[in-house]
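Have a look at the structure below before the remarks.
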Amino acid sequence: MMLLDITPPISPRLQVWPGDTPPSRELLRDMHRGDPFTLSTLHATVHLGAHADAPSHYGVDAPTIDECSLEPYLGPCQVLHVNVPRRSCITPNMLSAAVQAPRLLLATGTYPDPERLQTDFAALAPELVEHLHRQGVKLIGIDTPSIDLFDSKDLPSHRQCLKYGMAILEGLMLKDVPEGLYELIALPLKLVDFDASPVRAVLRPLAKQS
Ligand SMILES: [Zn+2]
């Protein structure tokens, strides 16, 4: 069974949003020090590498990640590569192919190294969210740290997702994934009251790749 892992490694080198908590590992017990077992604690933001945003991240009193249906995070999915300039938004006319699945992952190539923070990544135009909603898309994923531009203050695409109940995956690694149809598996953890969760995102090819 072939699985494509589209998750960046979680280590202290993984970049997080400026001001957010980078991952670190606290060793409580260590067999190398003579302890009978190894035991460690993870300290990190929940917006860590490949992650699912909960609506409560961008909407007051909106559902937290434990309250979100898992259904968007598992099932038929399409990967599209988009030719979009840095620091700009993907509009509907930039999509190179018709939408064929209820989950859409967009590869922009504008954030190629998750261990190097870049602020000029591309994002989604709010009208793209509306366009995809009308075509039955229920999850949008992207290979950048946010579906809104780095400098965005009012997060228009996140707000559009709130309006349409669209699930969001950010921080995916898609550059080596050919366009086509897959099964997406990217379940968030059941973190009560949290505004996001890291996911282990993988793709299983569904149809013959072009
Ligand atoms: Zn987000």
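We name chains A, B, ... following the order of the structure tokens; residues begin at 1 in each chain, and ligands are numbered from 1 as shown.
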
Let me have all residues with an atom within 8 Å of ligand 1, counting only C-alpha atoms and all ligand atoms, laid out as a PyMOL selection string. chain A and resi 47+52-53+57-58+145-148+158+168-170

Residues within 7 Å of segment 116-129 of chain A, only C-alpha atoms, excluding chain neighbours under 6 positions, as a VMD selection string: chain A and resid 15 84 to 92 108 110 144 146 to 150 156 to 157 160 to 161

Can those selected residues be exported to a file as a compact mmCIF listing (two decimals), in the first residue's frame so that it contains N, CA and C atoms?
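So the final result, stored in selection-v6.txt, reads:
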```
# COMPACT_ATOMS: atom_id res chain seq x y z
N GLN A 15 9.48 25.69 11.79
CA GLN A 15 9.10 27.08 12.04
C GLN A 15 7.63 27.17 12.41
N VAL A 84 1.00 30.67 -8.75
CA VAL A 84 0.58 31.92 -8.13
C VAL A 84 1.83 32.67 -7.68
N PRO A 85 1.89 33.98 -7.93
CA PRO A 85 3.06 34.74 -7.48
C PRO A 85 3.12 34.78 -5.95
N ARG A 86 4.33 34.98 -5.42
CA ARG A 86 4.48 35.12 -3.97
C ARG A 86 3.68 36.32 -3.47
N ARG A 87 3.28 36.26 -2.22
CA ARG A 87 2.56 37.34 -1.55
C ARG A 87 1.27 37.72 -2.28
N SER A 88 0.67 36.76 -2.97
CA SER A 88 -0.61 37.07 -3.61
C SER A 88 -1.58 35.91 -3.42
N CYS A 89 -2.83 36.17 -3.76
CA CYS A 89 -3.90 35.23 -3.45
C CYS A 89 -4.35 34.45 -4.69
N ILE A 90 -4.66 33.18 -4.47
CA ILE A 90 -5.16 32.33 -5.54
C ILE A 90 -6.62 32.68 -5.80
N THR A 91 -6.91 33.01 -7.04
CA THR A 91 -8.28 33.32 -7.45
C THR A 91 -8.83 32.14 -8.26
N PRO A 92 -10.16 32.07 -8.42
CA PRO A 92 -10.74 30.91 -9.11
C PRO A 92 -10.15 30.68 -10.50
N THR A 108 1.18 25.56 -3.74
CA THR A 108 1.60 26.85 -4.29
C THR A 108 3.11 26.90 -4.53
N THR A 110 5.14 28.17 -2.64
CA THR A 110 5.68 29.44 -2.13
C THR A 110 6.20 29.35 -0.70
N THR A 144 1.18 26.29 2.85
CA THR A 144 1.75 27.49 3.48
C THR A 144 1.25 27.53 4.93
N SER A 146 -0.64 29.65 6.34
CA SER A 146 -1.97 30.24 6.52
C SER A 146 -2.69 30.32 5.19
N ILE A 147 -4.02 30.24 5.23
CA ILE A 147 -4.81 30.47 4.01
C ILE A 147 -5.00 31.96 3.75
N ASP A 148 -4.58 32.81 4.71
CA ASP A 148 -4.55 34.25 4.48
C ASP A 148 -3.10 34.71 4.39
N LEU A 149 -2.89 35.85 3.74
CA LEU A 149 -1.54 36.38 3.59
C LEU A 149 -0.93 36.71 4.95
N PHE A 150 0.40 36.68 5.03
CA PHE A 150 1.09 36.91 6.29
C PHE A 150 0.67 38.22 6.95
N PRO A 156 -9.61 37.40 5.89
CA PRO A 156 -10.85 37.28 5.10
C PRO A 156 -11.14 35.85 4.62
N SER A 157 -10.12 35.08 4.31
CA SER A 157 -10.40 33.72 3.83
C SER A 157 -10.78 32.79 4.99
N GLN A 160 -14.33 33.54 5.59
CA GLN A 160 -15.16 32.93 4.54
C GLN A 160 -15.36 31.44 4.85
N CYS A 161 -14.32 30.79 5.33
CA CYS A 161 -14.43 29.37 5.71
C CYS A 161 -15.40 29.19 6.87
```

Near Leu174 of chain A, within 7 Å and counting only C-alpha atoms, which residues show up once chain neighbours fewer than 3 positions away are dropped, as a short mmCIF file (atom, residue, chain, number, x, y, z; two decimals) with C-alpha atoms, in the first residue's frame?
```cif
data_model
loop_
_atom_site.label_atom_id
_atom_site.label_comp_id
_atom_site.auth_asym_id
_atom_site.auth_seq_id
_atom_site.Cartn_x
_atom_site.Cartn_y
_atom_site.Cartn_z
CA ILE A 6 2.59 15.24 3.36
CA ALA A 107 0.25 23.33 -3.88
CA ASP A 143 1.26 24.20 1.61
CA VAL A 177 2.90 15.20 -4.86
#
```

Quick one: pick out all alpha helix (DSSP H) residues within segment 101-185 of chain A from a backbone DSSP run and write them as a PyMOL selection string. chain A and resi 126-134+156-164

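Near Pro188 of chain A, within 9 Å and counting only C-alpha atoms, sit His51, Ala52, Ile65, Asp66, Leu70, Tyr73, Ala196, Ser197, Pro198, Val199 and Arg200 of chain A, not including residues fewer than 6 positions from it in the same chain.
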
Given the choices A:Pro178, A:Leu28, A:Ser11, A:Gly59, which gets closest to Asp195 of chain A if the distance is worked out from only C-alpha atoms? A:Gly59

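The shortest atom-to-atom distance to Leu48 of chain A, with only C-alpha atoms taken into account, belongs to A:Asp20 out of A:Asp61, A:Asp35, A:Asp30, A:Asp20.
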
Assign secondary structure with DSSP using the backbone only, and return the residues of segment 39-145 of chain A in strand (DSSP E or B) as a VMD selection string. chain A and resid 39 to 43 51 to 53 74 to 81 89 to 90 103 to 107 123 to 124 139 to 142
